[in-house]
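The structure under discussion appears below in the form of structure tokens.
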Amino acid sequence: MALSRQFCKSDEPSRNPATPITWWRPSGKHLPDPVGVRRQIKLAFYVSTGHMMRRQPIEKTRLLREALIAAAALAWLGAFPVVYGQSFFTLVPCRLNVICLLPPEIATSTGLEQEFCRQLGERLASEQGPAWRVSVAPPSAEDRAILRAALRRDLPFDPPTSWRKVALRDKVVVLAVKRTGLGWHVVSRDWDVRVERLGPLVEHTAPTWSGVLAAAAETVRRAVVPVAQIRLVEQQAVRLDLQGSLLMEERSPLPRRQFLALARYEDRDGNARAVVPLPWTILQSPEGPPAEDGSVSCQIISGLKNPLSARRRGRVQLLAWAVTPRSRSVVLSLRNRQDSQKPLVGYEVLAQPDGEGSPQFLGRTDFAGQVEIPTEDPPGWKLLWVKHGRRVLAKVPLVDGSTEFTELALPDDDPRLLAEGYLMSVQDQLVDLVTLRSVLIARLRARIAAGDWEQAIRLRDQLLQLKSREVFSSELTQQQQRLFCPDPVGQKQIDKMFEETRRLVNLYLNPREVEELVKEIAMKAPRRTDTP
């Protein structure tokens, strides 16, 4: 049977023909592509059952053979619930290309350069096992300028087209060795093909040439930034399937770290059309070993509502890239959401280290809408609060030293702040008026009880000259019509503040009590008689 012969192949191509992948079990044995296996089993089952229904009679031996093949295949597939019940990203080894930039005295000697690359590749392969597929090679003449640009700090980097092909490799690590006055200086940096980002520079020193190989292997291991696929679990939590995590020989505890969430938009060939980071969103992983399926549980910390659940068209992958906090300050810029050229001036910025404790005041934005965000010691992440008056406009996470997001677009809250200031002054006037009104009413009642009608009439006239409830309501209506906020949320808060102030005015400036006292004086006070 053709299907059974195809099923018995020991190594099948992956789902995407353009990106052949060898599938691995944790023991290191080759396994066929599980997606292709499932399709072949279904097809074999449908063919065999349909064959029984269409052809009557049929040979009993052939029917029995096809039924046994289908049953054996289903039983074989059910023997691996752990391997096939999860994301296959945990079973994919990391294809790592290490490019070595050696000193001129060694690079000019072809034998020494090739021997160093060979020993480094063997050392990395023996240490990482099946989790890495390492290839180490010297650079070509035209690639040297590109590699030096990749090792520059905080400068834009434009990689060659071949570095964007995920079918060829997963990562490119640039390794440079230089001679210094104290020995040898080794520096490495990681370029990830999927997320199209450079990792941090990792440096090491070796006093003699004999220690350069160990230093180079150490810098390469530290330079490789973990990448994972995001698996949605619930609204505020996700699971990260780390690449090759099930291929590691030892599941050592992972440190607590932050991941940047990205959306990778691909074309039909699997190449990236765009890699867009999800703004103001980080994934916080706890400290400890990964789960049995190689995944890590993370908490979503974001300034957006449901940042990972948004609908995205086309071929999209949600990826996570580990972010390393740095000991350097970051300048945050606040811009108007309706007019990006207009800075937001005078807005307060507060911070909660690790999102815990009470917010600490950092400063107010200057005339350019900027404020400096200092780093913590040791560096980590913080939750930034942006306030304007008594309103909290945003709560966004920021990793110390990260320059991924340095500009935050917010609605113009100046009209709402004007309304807040005006209504606070109105409420202060209301407090003073209610206090004076209460004193006059109490004195008026005392004069009426004592029968001192002359003083009672004088106090009544003072009471009637105070600002009435109608005057307050009219002034509030006129001021509310002058204030307009382009932000719907801000306008809603303005209307709510005005309604609350009107409620207070109607509650404490009730004219009924004054009207009763005026009637009482009119009924009991003796009428004045005019003398000639």
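Naming scheme: A, B, ... for chains in displayed order of the structure tokens; residues 1 onward per chain; ligands 1 onward as shown.
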
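Residues in contact range of A:Thr281, defined as at most 8 Å between only C-alpha atoms, with sequence neighbours fewer than 4 positions away removed, read A:Leu260, A:Ala261, A:Ile300, A:Ile301, A:Ser302, A:Gly303, A:Leu304, A:Pro307, A:Val396, A:Pro397.
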
Dump as a short mmCIF file (atom, residue, chain, number, x, y, z; two decimals), in the first residue's frame, selection limited to N, CA, C and O atoms:
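This went into part10.cif:
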data_model
loop_
_atom_site.label_atom_id
_atom_site.label_comp_id
_atom_site.auth_asym_id
_atom_site.auth_seq_id
_atom_site.Cartn_x
_atom_site.Cartn_y
_atom_site.Cartn_z
N LEU A 260 9.41 40.93 25.80
CA LEU A 260 8.71 41.87 24.92
C LEU A 260 7.83 41.07 23.96
O LEU A 260 8.28 40.10 23.35
N ALA A 261 6.56 41.44 23.84
CA ALA A 261 5.62 40.76 22.95
C ALA A 261 5.65 41.41 21.57
O ALA A 261 5.61 42.64 21.46
N ILE A 300 0.61 39.03 32.03
CA ILE A 300 0.57 40.14 31.07
C ILE A 300 0.47 41.45 31.84
O ILE A 300 -0.43 41.65 32.64
N ILE A 301 1.43 42.33 31.59
CA ILE A 301 1.43 43.67 32.18
C ILE A 301 1.42 44.65 31.02
O ILE A 301 2.37 44.73 30.25
N SER A 302 0.33 45.39 30.87
CA SER A 302 0.17 46.23 29.69
C SER A 302 -0.62 47.48 30.04
O SER A 302 -1.44 47.48 30.96
N GLY A 303 -0.33 48.53 29.29
CA GLY A 303 -1.12 49.74 29.37
C GLY A 303 -2.32 49.73 28.46
O GLY A 303 -3.10 50.68 28.44
N LEU A 304 -2.49 48.65 27.67
CA LEU A 304 -3.61 48.50 26.75
C LEU A 304 -4.58 47.46 27.29
O LEU A 304 -4.22 46.62 28.13
N PRO A 307 -4.16 43.37 24.92
CA PRO A 307 -3.23 43.63 23.80
C PRO A 307 -2.97 42.41 22.94
O PRO A 307 -2.69 42.55 21.74
N VAL A 396 1.53 52.41 32.48
CA VAL A 396 2.26 51.65 31.47
C VAL A 396 3.52 51.07 32.10
O VAL A 396 4.16 51.70 32.95
N PRO A 397 3.92 49.84 31.69
CA PRO A 397 5.17 49.26 32.21
C PRO A 397 6.37 49.72 31.38
O PRO A 397 6.26 50.00 30.18
#

Using DSSP secondary structure from the backbone, list all helix (DSSP H, G or I) positions within stretch 371-457 of chain A, as a ChimeraX atom specification. /A:414-450,453-457

Go ahead and dump the residues you just picked, C-alpha atoms, as a PDB file, in the first residue's frame.
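out-v2.pdb was written with the following content:
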ATOM      1  CA  ASP A 414      -6.071  70.623  29.601  1.00  0.00           C
ATOM      2  CA  PRO A 415      -9.834  71.407  29.218  1.00  0.00           C
ATOM      3  CA  ARG A 416     -10.674  68.867  31.907  1.00  0.00           C
ATOM      4  CA  LEU A 417      -8.024  70.354  34.206  1.00  0.00           C
ATOM      5  CA  LEU A 418      -9.497  73.827  33.663  1.00  0.00           C
ATOM      6  CA  ALA A 419     -12.910  72.480  34.581  1.00  0.00           C
ATOM      7  CA  GLU A 420     -11.439  70.773  37.629  1.00  0.00           C
ATOM      8  CA  GLY A 421      -9.786  74.001  38.808  1.00  0.00           C
ATOM      9  CA  TYR A 422     -12.929  76.049  38.237  1.00  0.00           C
ATOM     10  CA  LEU A 423     -15.154  73.588  40.071  1.00  0.00           C
ATOM     11  CA  MET A 424     -12.736  73.391  42.997  1.00  0.00           C
ATOM     12  CA  SER A 425     -13.000  77.174  43.375  1.00  0.00           C
ATOM     13  CA  VAL A 426     -16.801  76.912  43.107  1.00  0.00           C
ATOM     14  CA  GLN A 427     -16.842  74.291  45.833  1.00  0.00           C
ATOM     15  CA  ASP A 428     -14.657  76.503  48.051  1.00  0.00           C
ATOM     16  CA  GLN A 429     -17.142  79.349  47.537  1.00  0.00           C
ATOM     17  CA  LEU A 430     -19.963  76.968  48.319  1.00  0.00           C
ATOM     18  CA  VAL A 431     -18.334  75.915  51.605  1.00  0.00           C
ATOM     19  CA  ASP A 432     -17.867  79.537  52.678  1.00  0.00           C
ATOM     20  CA  LEU A 433     -21.421  80.428  51.651  1.00  0.00           C
ATOM     21  CA  VAL A 434     -22.982  77.481  53.479  1.00  0.00           C
ATOM     22  CA  THR A 435     -20.996  78.335  56.610  1.00  0.00           C
ATOM     23  CA  LEU A 436     -22.061  82.012  56.550  1.00  0.00           C
ATOM     24  CA  ARG A 437     -25.649  81.038  55.755  1.00  0.00           C
ATOM     25  CA  SER A 438     -25.774  78.640  58.708  1.00  0.00           C
ATOM     26  CA  VAL A 439     -24.441  81.321  61.092  1.00  0.00           C
ATOM     27  CA  LEU A 440     -26.989  83.908  59.899  1.00  0.00           C
ATOM     28  CA  ILE A 441     -29.873  81.425  60.196  1.00  0.00           C
ATOM     29  CA  ALA A 442     -28.847  80.502  63.748  1.00  0.00           C
ATOM     30  CA  ARG A 443     -28.585  84.163  64.800  1.00  0.00           C
ATOM     31  CA  LEU A 444     -31.873  84.942  63.092  1.00  0.00           C
ATOM     32  CA  ARG A 445     -33.673  82.184  64.992  1.00  0.00           C
ATOM     33  CA  ALA A 446     -32.198  83.503  68.245  1.00  0.00           C
ATOM     34  CA  ARG A 447     -33.423  87.060  67.535  1.00  0.00           C
ATOM     35  CA  ILE A 448     -36.905  85.784  66.677  1.00  0.00           C
ATOM     36  CA  ALA A 449     -37.066  83.802  69.911  1.00  0.00           C
ATOM     37  CA  ALA A 450     -35.962  86.882  71.890  1.00  0.00           C
ATOM     38  CA  TRP A 453     -37.489  92.169  65.580  1.00  0.00           C
ATOM     39  CA  GLU A 454     -35.259  95.025  64.537  1.00  0.00           C
ATOM     40  CA  GLN A 455     -32.149  92.824  64.594  1.00  0.00           C
ATOM     41  CA  ALA A 456     -34.118  89.975  63.049  1.00  0.00           C
ATOM     42  CA  ILE A 457     -35.130  92.105  60.083  1.00  0.00           C
TER      43      ILE A 457
END

Shell around stretch 184-194 of chain A at 8 Å using only C-alpha atoms, local window under 2 positions removed, as a compact mmCIF listing (two decimals) with N, CA, C and O atoms, in the first residue's frame:
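Output contents, as saved in around.txt:
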# COMPACT_ATOMS: atom_id res chain seq x y z
N ALA A 150 27.18 45.75 13.54
CA ALA A 150 26.33 45.04 14.49
C ALA A 150 26.86 45.12 15.91
O ALA A 150 26.10 44.96 16.86
N LEU A 151 28.14 45.40 16.09
CA LEU A 151 28.73 45.46 17.41
C LEU A 151 28.76 46.87 17.99
O LEU A 151 29.30 47.08 19.08
N TRP A 163 20.14 37.59 6.35
CA TRP A 163 19.93 37.50 7.79
C TRP A 163 18.45 37.57 8.15
O TRP A 163 18.10 37.43 9.32
N ARG A 164 17.57 37.80 7.20
CA ARG A 164 16.14 37.86 7.45
C ARG A 164 15.41 36.59 6.99
O ARG A 164 14.19 36.52 7.07
N LYS A 165 16.13 35.60 6.49
CA LYS A 165 15.54 34.37 5.98
C LYS A 165 15.46 33.35 7.11
O LYS A 165 16.47 32.79 7.54
N VAL A 166 14.25 33.12 7.62
CA VAL A 166 14.09 32.16 8.70
C VAL A 166 14.27 30.73 8.22
O VAL A 166 14.48 29.82 9.02
N ARG A 169 18.28 30.09 8.99
CA ARG A 169 18.83 30.10 10.34
C ARG A 169 17.82 30.73 11.29
O ARG A 169 16.89 31.40 10.85
N ASP A 170 18.04 30.54 12.58
CA ASP A 170 17.24 31.18 13.61
C ASP A 170 17.96 32.38 14.23
O ASP A 170 17.33 33.38 14.54
N LYS A 171 19.26 32.26 14.40
CA LYS A 171 20.04 33.32 15.02
C LYS A 171 21.39 33.45 14.36
O LYS A 171 21.95 32.46 13.85
N VAL A 172 21.91 34.68 14.39
CA VAL A 172 23.28 34.97 13.97
C VAL A 172 23.96 35.64 15.15
O VAL A 172 23.48 36.66 15.66
N VAL A 173 25.06 35.06 15.60
CA VAL A 173 25.83 35.62 16.71
C VAL A 173 27.16 36.11 16.16
O VAL A 173 27.92 35.34 15.56
N VAL A 174 27.42 37.39 16.33
CA VAL A 174 28.67 37.99 15.90
C VAL A 174 29.64 37.94 17.08
O VAL A 174 29.34 38.45 18.16
N LEU A 175 30.79 37.34 16.87
CA LEU A 175 31.82 37.20 17.90
C LEU A 175 33.09 37.88 17.43
O LEU A 175 33.58 37.60 16.34
N ALA A 176 33.61 38.80 18.23
CA ALA A 176 34.82 39.54 17.88
C ALA A 176 35.84 39.38 19.01
O ALA A 176 35.50 39.46 20.19
N VAL A 177 37.08 39.15 18.61
CA VAL A 177 38.19 38.99 19.55
C VAL A 177 39.23 40.05 19.21
O VAL A 177 39.65 40.18 18.06
N LYS A 178 39.62 40.83 20.23
CA LYS A 178 40.61 41.90 20.04
C LYS A 178 41.68 41.78 21.11
O LYS A 178 41.42 41.36 22.23
N ARG A 179 42.89 42.21 20.74
CA ARG A 179 43.99 42.25 21.70
C ARG A 179 43.99 43.60 22.41
O ARG A 179 43.83 44.64 21.78
N THR A 180 44.12 43.57 23.72
CA THR A 180 44.18 44.78 24.53
C THR A 180 45.44 44.75 25.38
O THR A 180 46.21 43.78 25.36
N LEU A 182 45.58 44.45 28.50
CA LEU A 182 45.43 43.49 29.60
C LEU A 182 45.23 42.07 29.13
O LEU A 182 44.96 41.19 29.95
N GLU A 196 13.84 39.93 14.43
CA GLU A 196 14.64 40.95 13.73
C GLU A 196 15.10 42.04 14.70
O GLU A 196 14.86 43.22 14.50
N ARG A 197 15.80 41.59 15.74
CA ARG A 197 16.31 42.51 16.74
C ARG A 197 17.68 42.07 17.22
O ARG A 197 17.98 40.88 17.28
N LEU A 198 18.48 43.08 17.60
CA LEU A 198 19.80 42.82 18.17
C LEU A 198 19.68 42.69 19.68
O LEU A 198 18.98 43.48 20.33
N GLY A 199 20.38 41.73 20.22
CA GLY A 199 20.44 41.58 21.66
C GLY A 199 21.49 42.49 22.27
O GLY A 199 22.20 43.24 21.57
N PRO A 200 21.65 42.46 23.57
CA PRO A 200 22.66 43.30 24.22
C PRO A 200 24.07 42.78 23.96
O PRO A 200 24.28 41.60 23.68
N LEU A 201 25.03 43.68 24.05
CA LEU A 201 26.43 43.31 23.93
C LEU A 201 26.88 42.56 25.18
O LEU A 201 26.60 42.98 26.31
N VAL A 202 27.59 41.47 24.97
CA VAL A 202 28.13 40.67 26.07
C VAL A 202 29.64 40.66 25.92
O VAL A 202 30.16 40.28 24.86
N GLU A 203 30.34 41.06 26.96
CA GLU A 203 31.79 41.20 26.89
C GLU A 203 32.46 40.30 27.93
O GLU A 203 31.89 40.02 28.99
N HIS A 204 33.69 39.89 27.59
CA HIS A 204 34.49 39.04 28.48
C HIS A 204 35.94 39.29 28.17
O HIS A 204 36.29 39.70 27.05
N THR A 205 36.78 39.07 29.15
CA THR A 205 38.23 39.24 28.96
C THR A 205 38.95 37.95 29.31
O THR A 205 38.50 37.16 30.16
N ALA A 206 40.04 37.75 28.65
CA ALA A 206 40.91 36.60 28.91
C ALA A 206 42.35 37.09 28.97
O ALA A 206 42.80 37.80 28.06
N PRO A 207 43.11 36.75 30.01
CA PRO A 207 44.49 37.26 30.11
C PRO A 207 45.43 36.68 29.07
O PRO A 207 46.36 37.35 28.62
N THR A 208 45.20 35.42 28.67
CA THR A 208 46.08 34.76 27.68
C THR A 208 45.23 34.17 26.57
O THR A 208 44.00 34.02 26.69
N TRP A 209 45.90 33.79 25.49
CA TRP A 209 45.19 33.21 24.35
C TRP A 209 44.58 31.86 24.68
O TRP A 209 43.55 31.48 24.11
N VAL A 212 40.94 32.21 25.57
CA VAL A 212 40.03 32.89 24.65
C VAL A 212 38.88 31.96 24.23
O VAL A 212 37.73 32.39 24.10
N ALA A 215 36.32 31.85 26.95
CA ALA A 215 35.65 33.14 27.02
C ALA A 215 34.69 33.33 25.86
O ALA A 215 33.59 33.87 26.01
N ALA A 216 35.09 32.89 24.66
CA ALA A 216 34.22 33.02 23.48
C ALA A 216 32.96 32.17 23.64
O ALA A 216 31.84 32.63 23.34
N THR A 219 30.64 33.95 26.18
CA THR A 219 29.95 35.12 25.64
C THR A 219 28.85 34.73 24.66
O THR A 219 27.79 35.37 24.62
N VAL A 220 29.07 33.69 23.87
CA VAL A 220 28.03 33.25 22.94
C VAL A 220 26.82 32.74 23.70
O VAL A 220 25.66 33.06 23.36
N ALA A 223 25.04 35.69 25.15
CA ALA A 223 24.51 36.62 24.16
C ALA A 223 23.21 36.13 23.53
O ALA A 223 22.41 36.95 23.06
N VAL A 224 22.99 34.83 23.49
CA VAL A 224 21.79 34.29 22.85
C VAL A 224 20.57 34.66 23.70
O VAL A 224 20.45 34.26 24.86
N VAL A 225 19.66 35.42 23.11
CA VAL A 225 18.45 35.88 23.81
C VAL A 225 17.34 34.86 23.59
O VAL A 225 17.06 34.48 22.45
N ARG A 264 4.61 39.00 14.42
CA ARG A 264 5.38 38.80 13.18
C ARG A 264 4.41 38.48 12.06
O ARG A 264 3.70 37.46 12.09
N ALA A 272 9.33 37.51 6.84
CA ALA A 272 8.62 38.54 7.59
C ALA A 272 8.34 39.75 6.70
O ALA A 272 9.23 40.30 6.07

One decimal, Å: what's the distance from atom CA of A:Lys519 over to atom CA of A:Val471, could you say?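 Spanning atom CA of A:Lys519 to atom CA of A:Val471 is a straight-line distance of 22.2 Å.
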
Nearest residue to A:Cys485 from the set A:Phe157, A:Pro411, A:Phe472, A:Val505 (distances using only C-alpha atoms):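 Closest candidate: A:Pro411.
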
List the neighbours of stretch 383-395 of chain A out to 7 Å using only C-alpha atoms; skip same-chain residues closer than 3 positions along the sequence, and give me the result as a ChimeraX atom specification. /A:303,347-355,398,417

Can you list, as a list of chain:residue names, every protein, DNA or RNA residue that comes within 8 Å of A:Arg315 when you count only C-alpha atoms, leaving out same-chain residues fewer than 6 positions away?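 Contacts, in chain order: A:Tyr265, A:Glu266, A:Asp267.
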
Neighbours of A:Pro374 within 9 Å (only C-alpha atoms; same-chain residues fewer than 5 positions away dropped), as a short mmCIF file (atom, residue, chain, number, x, y, z; two decimals) with all heavy atoms, in the first residue's frame?
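The resulting file, part18.cif, is reproduced below:
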data_model
loop_
_atom_site.label_atom_id
_atom_site.label_comp_id
_atom_site.auth_asym_id
_atom_site.auth_seq_id
_atom_site.Cartn_x
_atom_site.Cartn_y
_atom_site.Cartn_z
N SER A 327 21.30 49.62 33.29
CA SER A 327 21.48 50.70 34.27
C SER A 327 21.71 52.02 33.55
O SER A 327 22.84 52.53 33.49
CB SER A 327 22.65 50.36 35.21
OG SER A 327 22.40 49.18 35.92
N ARG A 328 20.67 52.55 32.99
CA ARG A 328 20.75 53.86 32.33
C ARG A 328 19.36 54.48 32.35
O ARG A 328 18.34 53.79 32.36
CB ARG A 328 21.25 53.74 30.90
CG ARG A 328 20.32 52.96 29.98
CD ARG A 328 20.84 52.91 28.56
NE ARG A 328 19.92 52.21 27.69
CZ ARG A 328 20.15 51.97 26.41
NH1 ARG A 328 21.28 52.37 25.86
NH2 ARG A 328 19.26 51.33 25.67
N SER A 329 19.33 55.80 32.38
CA SER A 329 18.06 56.52 32.41
C SER A 329 17.47 56.61 31.01
O SER A 329 18.18 56.51 30.00
CB SER A 329 18.26 57.92 32.99
OG SER A 329 19.18 58.66 32.19
N VAL A 330 16.15 56.82 30.98
CA VAL A 330 15.40 56.92 29.73
C VAL A 330 14.58 58.20 29.77
O VAL A 330 14.03 58.56 30.82
CB VAL A 330 14.49 55.69 29.53
CG1 VAL A 330 13.66 55.83 28.27
CG2 VAL A 330 15.30 54.41 29.48
N VAL A 331 14.50 58.89 28.65
CA VAL A 331 13.70 60.11 28.54
C VAL A 331 12.35 59.74 27.93
O VAL A 331 12.29 59.21 26.82
CB VAL A 331 14.41 61.18 27.69
CG1 VAL A 331 13.52 62.40 27.52
CG2 VAL A 331 15.73 61.57 28.33
N LEU A 362 8.31 61.20 40.20
CA LEU A 362 9.55 61.35 39.43
C LEU A 362 9.74 62.76 38.90
O LEU A 362 10.87 63.22 38.75
CB LEU A 362 9.59 60.36 38.27
CG LEU A 362 9.55 58.86 38.63
CD1 LEU A 362 9.62 58.02 37.37
CD2 LEU A 362 10.67 58.49 39.58
N ASP A 400 13.77 48.99 32.74
CA ASP A 400 14.85 49.96 32.95
C ASP A 400 15.85 49.92 31.80
O ASP A 400 16.36 48.84 31.44
CB ASP A 400 15.57 49.66 34.27
CG ASP A 400 14.74 50.04 35.47
OD1 ASP A 400 13.86 50.90 35.32
OD2 ASP A 400 14.96 49.47 36.56
N GLY A 401 16.13 51.08 31.23
CA GLY A 401 17.10 51.19 30.16
C GLY A 401 16.60 50.82 28.79
O GLY A 401 17.32 50.94 27.81
#

Among stretch 303-341 of chain A, which ones does DSSP assign to strand (DSSP E) (computed from the backbone)? Answer as an NGL selection string. :A and (315-323 or 330-336)

Give me the residues near A:Ser297 as number ranges by chain, where near means some atom within 12 Å (using only C-alpha atoms) and where sequence neighbours in that chain fewer than 5 positions away do not count. A: 228-234, 236-242, 254, 256-259, 283-292

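Take atom CA of A:Glu516 and atom CA of A:Arg502: the distance between them is 23.2 Å.
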